[in-house]
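Notes for the one structure printed next.
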Amino acid sequence: MKKYILLILCFTGMMSACKKFVQEELVSTLTYEYYKTDQGLEDLVKSAYQNTRYKYENEQAYALWNFGTDEFRVGDQFNYVFYNTYDPAFLNPAQGLLDGLWTANYYGINRCNLGIQYIPAYNNPASRTLATEAAKNQRIAELRFLRAYYYFQLVQQFGSIPLVVEASTTARSDFAKASVADVYRQIISDLRYASETLAPLTSDLGRATRGAAQHFLAKAYLTRGSAVTDQRGQLPTDMDSAAYYAEQVINSGNYILEPDYMNLWKGVYPKGYPQVTAPPVGVNGDPPYNTNYASGVTAVDYAEFQLSQASKEVIFAAQFSSVSSLNSSSGNRAHLFFMMQYDGGIAGLSRLVDNFNMRPYRRLRPTDYTIDLYDRRNDSRFYKSFRTVYYRNNGTSTAADNAVPKFTAADAPTPALIGRPRYGNGDTAALFIVNDKTTTLTAAELANTTRFRYNTYARYYRNAGGALVEGTNNNKYLALVKHLDPVRQTPNYNEERGVRNGILARLGETYLIAAEAWGRKGDYAKALFYVNEVRKRAAYRTGEFKNPAFWQVHGGTQGDVTNTIAQMTAVETLFTTNAPSELYPAGVGSTEARFIHFMLNERTRELCGEFYRWEDLVRTETLLLRTEAYNDDATGIEPHHKLRPIPSLQIDATTIGGRPMTAEEKQAYQNPGYN
């Protein structure tokens, strides 16, 4: 069979590849009889998890979930730029990423359907895993959770889709689309069953738990109930249900917010960050991370990642591994897409000496909206999310020193340093100053090598005539660090296969789901309670060393280790008025409307770049408004872009009554606005 058959392929008896839980093992001789055995059913359940990795495996990660929104613009090396610009010449039903999204999720759904069909009929008291009804129900609950997850991805992207809940063992091609309302009813039904049946915890890292089902159930109710003009089958009780299930997760005692936001992203920060120790001026040392200037040594200990991956804030994650046989063929590639070009135009920085700074694919840079939204003085998440300092790593040889600018008699701190590199190996090589348009920083000050002896990129500065100039661009910009992966599957500099898990649900988001649900119900006090639980963690803690920008850029006092909880505490006036900090789009005037945009702002501050944003804006029916307001690249966006086009390969393969669809029927099958 060829791939173009899509749903036909997904629902026929071609399950020739058995995928273990995090291991891929091709068994080309398998038949359906294998799935009537103890090992076969266990392998089938494990295989159903495979496609949870899809979001992280390739460039769909940013193209389908981050591009074309208010949070990110295009860097200077770009594939799939049309997902950000909405260029109709390329963003059309023939686009391959849409086919991949469609196929990956329906593959997962079919595996779930097979297991849900076969497990109840299996009867073997000697079974290692399915000897009792309770054990069988646990596995069925896992599969219903996964089926709901896959359908939830599809319905948010495509709207009306085929709804198939029974396994097919013969070729089919007559897949009529179900209404969005019917799809949500199925999602909620599956998640309700899973939330009532799954165990609260599991020793098998990566399997679905009750908390995972409750989190996605809350999110499904919130998504369905967010609709105003869209028809998703929304009910008046949806917000009650969203709040209820989110609170079940929060109050379960099985999950906790990490006390430090950095704990979620261990392994991506320099040693001691933000209190990094650099070599003395004029002295060569080592960068503040693990390196021996050879690709044979990983940049950080894998144990750092394992600490984050075992966090009790993580509710559900796609599983990847540093062991080749346990990883997918693609690995987690999300680490490639957010880094700017540090290895070009900055003396002393090289990609081919260590893996800490990553391969800079330069796909995404944050919008002004994203940068301006944070209280950069008091919200620790900003400098824990974006990298602003790079350390010289090109070594200590004479040739390496000669590549770096030298002190002169005019700028050397002491005469002994004249002719020495202005920054030694391991010292700061590049600094990004994140200021705003009120800055008084001038080009002359930036050129003063006594003050800035390394490469300095100010977001804004004044030229000789006093005009405001932007000092960053689509090549030199703030890099999001959350997905960086200095370990990777092999230590080769060019290795793309990342090894860290891909977070699909964490408690920080659960709190924001609860907050939005209560706010939509009109209980703003309860909403703010949950928002402020997240903001309390975002604030600097008592005794915490603040990022040096606190006093160097944002007006704080050096040595101040007081907490910033009071400054971070949200109050109702943030959405009952046009609070300047919230950057509300023009025309958003009511408290109810501002609250929705306030919650979208909170989701950016907490979840920036975590592959939710396009769905967030579609869910809240704000995609067009906010993208036009904040993303200058999205010149082609139109109202119909709230849905993706159904892949043309699927449409061409679909039949009605055993015959191919007519041109008119194909157009009716397709989403509005696409041909």
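Following the order of the structure tokens, first chain is A, next is B, and so on, with residues numbered from 1 inside each chain and ligands from 1 in the order they appear.
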Each residue of range 278-381 of chain A lying at most 10 Å from range 479-491 of chain A should get a row with its shortest atom-to-atom pair and the distance in Å to one decimal, counting only C-alpha atoms; could you produce that, ordered by chain and increasing number, as JSON lines?
```
{"residue": "A:Asn290", "atom": "CA", "partner": "A:Pro486", "partner_atom": "CA", "distance": 10.0}
{"residue": "A:Ala294", "atom": "CA", "partner": "A:Pro491", "partner_atom": "CA", "distance": 9.0}
{"residue": "A:Ser295", "atom": "CA", "partner": "A:Pro491", "partner_atom": "CA", "distance": 5.4}
{"residue": "A:Gly296", "atom": "CA", "partner": "A:Pro491", "partner_atom": "CA", "distance": 5.7}
{"residue": "A:Val297", "atom": "CA", "partner": "A:Pro491", "partner_atom": "CA", "distance": 6.5}
{"residue": "A:Thr298", "atom": "CA", "partner": "A:Val487", "partner_atom": "CA", "distance": 5.3}
{"residue": "A:Ala299", "atom": "CA", "partner": "A:Pro486", "partner_atom": "CA", "distance": 5.4}
{"residue": "A:Val300", "atom": "CA", "partner": "A:Val487", "partner_atom": "CA", "distance": 6.3}
{"residue": "A:Asp301", "atom": "CA", "partner": "A:Val487", "partner_atom": "CA", "distance": 7.5}
{"residue": "A:Tyr302", "atom": "CA", "partner": "A:Val487", "partner_atom": "CA", "distance": 6.6}
{"residue": "A:Glu304", "atom": "CA", "partner": "A:Val487", "partner_atom": "CA", "distance": 9.9}
{"residue": "A:Phe305", "atom": "CA", "partner": "A:Asp485", "partner_atom": "CA", "distance": 8.8}
{"residue": "A:Phe320", "atom": "CA", "partner": "A:Gln489", "partner_atom": "CA", "distance": 9.7}
{"residue": "A:Ser321", "atom": "CA", "partner": "A:Gln489", "partner_atom": "CA", "distance": 7.7}
{"residue": "A:Ser322", "atom": "CA", "partner": "A:Gln489", "partner_atom": "CA", "distance": 5.1}
{"residue": "A:Val323", "atom": "CA", "partner": "A:Gln489", "partner_atom": "CA", "distance": 6.9}
{"residue": "A:Ser324", "atom": "CA", "partner": "A:Gln489", "partner_atom": "CA", "distance": 6.6}
{"residue": "A:Asn327", "atom": "CA", "partner": "A:Gln489", "partner_atom": "CA", "distance": 8.5}
{"residue": "A:Gly331", "atom": "CA", "partner": "A:Gln489", "partner_atom": "CA", "distance": 7.8}
{"residue": "A:Asn332", "atom": "CA", "partner": "A:Arg488", "partner_atom": "CA", "distance": 8.7}
{"residue": "A:Arg333", "atom": "CA", "partner": "A:His483", "partner_atom": "CA", "distance": 8.7}
{"residue": "A:Ala334", "atom": "CA", "partner": "A:His483", "partner_atom": "CA", "distance": 5.9}
{"residue": "A:His335", "atom": "CA", "partner": "A:Leu484", "partner_atom": "CA", "distance": 4.3}
{"residue": "A:Leu336", "atom": "CA", "partner": "A:Leu484", "partner_atom": "CA", "distance": 7.4}
{"residue": "A:Phe337", "atom": "CA", "partner": "A:His483", "partner_atom": "CA", "distance": 8.8}
{"residue": "A:Phe338", "atom": "CA", "partner": "A:Ala479", "partner_atom": "CA", "distance": 5.5}
{"residue": "A:Met339", "atom": "CA", "partner": "A:Ala479", "partner_atom": "CA", "distance": 4.9}
{"residue": "A:Met340", "atom": "CA", "partner": "A:Ala479", "partner_atom": "CA", "distance": 6.0}
{"residue": "A:Gln341", "atom": "CA", "partner": "A:Ala479", "partner_atom": "CA", "distance": 9.6}
{"residue": "A:Tyr342", "atom": "CA", "partner": "A:Ala479", "partner_atom": "CA", "distance": 10.0}
{"residue": "A:Asp354", "atom": "CA", "partner": "A:Pro486", "partner_atom": "CA", "distance": 8.6}
{"residue": "A:Asn355", "atom": "CA", "partner": "A:Pro486", "partner_atom": "CA", "distance": 5.2}
{"residue": "A:Phe356", "atom": "CA", "partner": "A:Pro486", "partner_atom": "CA", "distance": 4.7}
{"residue": "A:Asn357", "atom": "CA", "partner": "A:Pro486", "partner_atom": "CA", "distance": 7.2}
{"residue": "A:Met358", "atom": "CA", "partner": "A:Pro486", "partner_atom": "CA", "distance": 6.3}
{"residue": "A:Arg359", "atom": "CA", "partner": "A:Pro486", "partner_atom": "CA", "distance": 9.4}
{"residue": "A:Pro360", "atom": "CA", "partner": "A:Ala479", "partner_atom": "CA", "distance": 9.6}
{"residue": "A:Arg362", "atom": "CA", "partner": "A:Ala479", "partner_atom": "CA", "distance": 8.9}
{"residue": "A:Leu364", "atom": "CA", "partner": "A:Ala479", "partner_atom": "CA", "distance": 8.3}
{"residue": "A:Arg365", "atom": "CA", "partner": "A:Ala479", "partner_atom": "CA", "distance": 6.8}
{"residue": "A:Pro366", "atom": "CA", "partner": "A:Ala479", "partner_atom": "CA", "distance": 8.0}
```
Taking 4 positions as the minimum chain separation for residues in the same chain, which residues sit within 12 Å of Pro639 in chain A when counting only C-alpha atoms? Answer as a short mmCIF file (atom, residue, chain, number, x, y, z; two decimals) with N, CA and C atoms, in the first residue's frame.
```cif
data_model
loop_
_atom_site.label_atom_id
_atom_site.label_comp_id
_atom_site.auth_asym_id
_atom_site.auth_seq_id
_atom_site.Cartn_x
_atom_site.Cartn_y
_atom_site.Cartn_z
N TYR A 86 1.09 32.97 6.22
CA TYR A 86 -0.21 32.53 5.66
C TYR A 86 -0.28 32.76 4.15
N VAL A 618 -6.90 30.02 18.39
CA VAL A 618 -8.08 29.48 17.71
C VAL A 618 -9.18 29.20 18.72
N GLU A 621 -10.94 32.26 19.74
CA GLU A 621 -11.43 33.03 18.60
C GLU A 621 -10.74 34.40 18.50
N THR A 622 -9.44 34.40 18.78
CA THR A 622 -8.66 35.64 18.73
C THR A 622 -7.48 35.55 17.76
N LEU A 623 -7.42 34.50 16.96
CA LEU A 623 -6.26 34.29 16.09
C LEU A 623 -6.03 35.48 15.17
N LEU A 624 -7.06 35.91 14.47
CA LEU A 624 -6.91 37.00 13.51
C LEU A 624 -6.56 38.30 14.22
N LEU A 625 -7.28 38.62 15.28
CA LEU A 625 -7.07 39.88 15.98
C LEU A 625 -5.65 40.00 16.53
N THR A 627 -2.90 38.06 16.00
CA THR A 627 -1.80 37.87 15.06
C THR A 627 -1.59 39.12 14.22
N GLU A 628 -2.67 39.71 13.75
CA GLU A 628 -2.54 40.97 13.00
C GLU A 628 -1.94 42.07 13.86
N LEU A 643 -8.86 27.29 10.71
CA LEU A 643 -8.79 25.84 10.48
C LEU A 643 -7.71 25.57 9.44
N ARG A 644 -7.08 24.42 9.56
CA ARG A 644 -6.14 23.98 8.54
C ARG A 644 -6.92 23.32 7.41
N PRO A 672 -13.71 25.54 4.59
CA PRO A 672 -13.94 26.78 3.84
C PRO A 672 -12.66 27.57 3.62
N GLY A 673 -12.55 28.18 2.45
CA GLY A 673 -11.42 29.03 2.13
C GLY A 673 -10.28 28.35 1.42
N TYR A 674 -10.35 27.02 1.30
CA TYR A 674 -9.29 26.27 0.63
C TYR A 674 -9.86 25.54 -0.58
#
```
* Select from range 63-117 of chain A everything DSSP, run on the backbone, classes as alpha helix (DSSP H), then give the selection as an MDAnalysis selection string. => chainID A and resid 63 82:85 96:117
* Mind checking which residues fall within 9 Å of range 127-133 of chain A, counting only C-alpha atoms, ignoring those fewer than 6 positions away in the same chain, and posting them as a list in words? =>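 With the cut-off at 9 Å, the set is Asp38, Gln39, Leu41, Glu42, Ile119, Pro120 and Arg139 of chain A.
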* To do: Quick one: everything within 12 Å of Asn435 in chain A, counting only C-alpha atoms, minus sequence neighbours fewer than 6 positions away in the same chain. Send it as a list in words.
  =>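 Final neighbour list, sorted by chain and number: Asp368, Ile371, Asp372, Tyr374, Asp375, Arg376, Arg377, Thr388, Leu441, Tyr457, Ala458, Arg459, Tyr460, Tyr461, Arg462, Leu468, Val469, Glu470, Gly471, Thr472, Ala549, Phe550, Gln552, Val553, His554 and Gly555 of chain A.
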* Nearby residues (only C-alpha atoms) at most 10 Å from range 256-269 of chain A, same-chain spacing under 3 positions excluded, as number ranges by chain -> A: 249-253, 272-274, 276, 288-289, 299-315, 356-358, 380-381, 383-385, 387, 481-487, 500, 503, 506-508, 511, 533-534, 536-541, 544, 606
* Which residues in range 69-298 of chain A does DSSP call strand (DSSP E)? List them as number ranges by chain. -> A: 72-74, 161-162, 177-178
Produce a file of the selected residues containing N, CA and C atoms, as a PDB file, in the first residue's frame.
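Dumped to part-v2.pdb:
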```
ATOM      1  N   PHE A  72       5.771  34.588  18.144  1.00  0.00           N
ATOM      2  CA  PHE A  72       7.045  34.442  17.442  1.00  0.00           C
ATOM      3  C   PHE A  72       6.953  34.914  15.999  1.00  0.00           C
ATOM      4  N   ARG A  73       8.076  35.447  15.531  1.00  0.00           N
ATOM      5  CA  ARG A  73       8.263  35.802  14.139  1.00  0.00           C
ATOM      6  C   ARG A  73       9.333  34.889  13.537  1.00  0.00           C
ATOM      7  N   VAL A  74       9.698  35.183  12.307  1.00  0.00           N
ATOM      8  CA  VAL A  74      10.636  34.345  11.574  1.00  0.00           C
ATOM      9  C   VAL A  74      12.063  34.807  11.825  1.00  0.00           C
ATOM     10  N   ILE A 161     -13.972  16.294  11.251  1.00  0.00           N
ATOM     11  CA  ILE A 161     -13.075  15.228  10.780  1.00  0.00           C
ATOM     12  C   ILE A 161     -13.813  13.893  10.849  1.00  0.00           C
ATOM     13  N   PRO A 162     -13.310  12.849  10.186  1.00  0.00           N
ATOM     14  CA  PRO A 162     -13.886  11.516  10.370  1.00  0.00           C
ATOM     15  C   PRO A 162     -13.721  11.049  11.813  1.00  0.00           C
ATOM     16  N   LYS A 177     -17.170  12.927   7.319  1.00  0.00           N
ATOM     17  CA  LYS A 177     -16.742  13.752   8.439  1.00  0.00           C
ATOM     18  C   LYS A 177     -17.866  13.850   9.472  1.00  0.00           C
ATOM     19  N   ALA A 178     -17.478  13.813  10.734  1.00  0.00           N
ATOM     20  CA  ALA A 178     -18.417  14.035  11.832  1.00  0.00           C
ATOM     21  C   ALA A 178     -18.400  15.514  12.196  1.00  0.00           C
TER      22      ALA A 178
END
```
* Top pick for closest residue to Val588 in chain A, considering A:Lys46, A:Lys546, A:Lys55, A:Arg626 and counting only C-alpha atoms ->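 Of A:Lys46, A:Lys546, A:Lys55, A:Arg626, the one nearest Val588 in chain A is A:Arg626, counting only C-alpha atoms.
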So which residues touch Thr591 in chain A within 8 Å, counting only C-alpha atoms, skipping near sequence neighbours fewer than 3 positions away, as a PDB file with N, CA and C atoms, in the first residue's frame?
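Below you can see result_18.pdb, which holds the result:
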```
ATOM      1  N   PHE A 575      -7.578  43.685  34.317  1.00  0.00           N
ATOM      2  CA  PHE A 575      -8.500  43.412  33.213  1.00  0.00           C
ATOM      3  C   PHE A 575      -9.816  44.178  33.320  1.00  0.00           C
ATOM      4  N   THR A 576     -10.040  44.897  34.409  1.00  0.00           N
ATOM      5  CA  THR A 576     -11.213  45.775  34.449  1.00  0.00           C
ATOM      6  C   THR A 576     -10.883  47.145  33.857  1.00  0.00           C
ATOM      7  N   THR A 577      -9.599  47.405  33.639  1.00  0.00           N
ATOM      8  CA  THR A 577      -9.152  48.628  32.969  1.00  0.00           C
ATOM      9  C   THR A 577      -8.181  48.252  31.857  1.00  0.00           C
ATOM     10  N   ARG A 594     -11.461  41.657  28.039  1.00  0.00           N
ATOM     11  CA  ARG A 594     -10.108  41.859  28.541  1.00  0.00           C
ATOM     12  C   ARG A 594      -9.643  40.663  29.364  1.00  0.00           C
ATOM     13  N   PHE A 595     -10.552  40.045  30.109  1.00  0.00           N
ATOM     14  CA  PHE A 595     -10.138  38.894  30.914  1.00  0.00           C
ATOM     15  C   PHE A 595      -9.607  37.770  30.016  1.00  0.00           C
TER      16      PHE A 595
END
```
* Asked: So which one's closest to Ser241 in chain A, A:Lys642, A:Ala514, A:Tyr390, A:Phe407? Using only C-alpha atoms, please.
  -> A:Ala514
* To do: Excluding Thr450 in chain A and any residue of its chain fewer than 4 positions from it, enumerate the residues within 8 Å of it, using only C-alpha atoms, and give them as a list of chain:residue names.
  =>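 Non-adjacent residues within range: A:Asp411, A:Ala412, A:Pro413.
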* For Asp401 in chain A, the nearest of the candidates A:Asn425, A:Asn675, A:Ser189, A:Asn84, counting only C-alpha atoms -> A:Asn425
* Structure fact -> Counting only C-alpha atoms, closest pick from A:Arg453, A:Arg172, A:Thr438, A:Asp238 relative to Arg659 in chain A is A:Arg172
* To do: Tell me which of A:Asn79, A:Gln670, A:Thr440, A:Thr562 sits closest to Gln650 in chain A, counting only C-alpha atoms.
  => A:Gln670
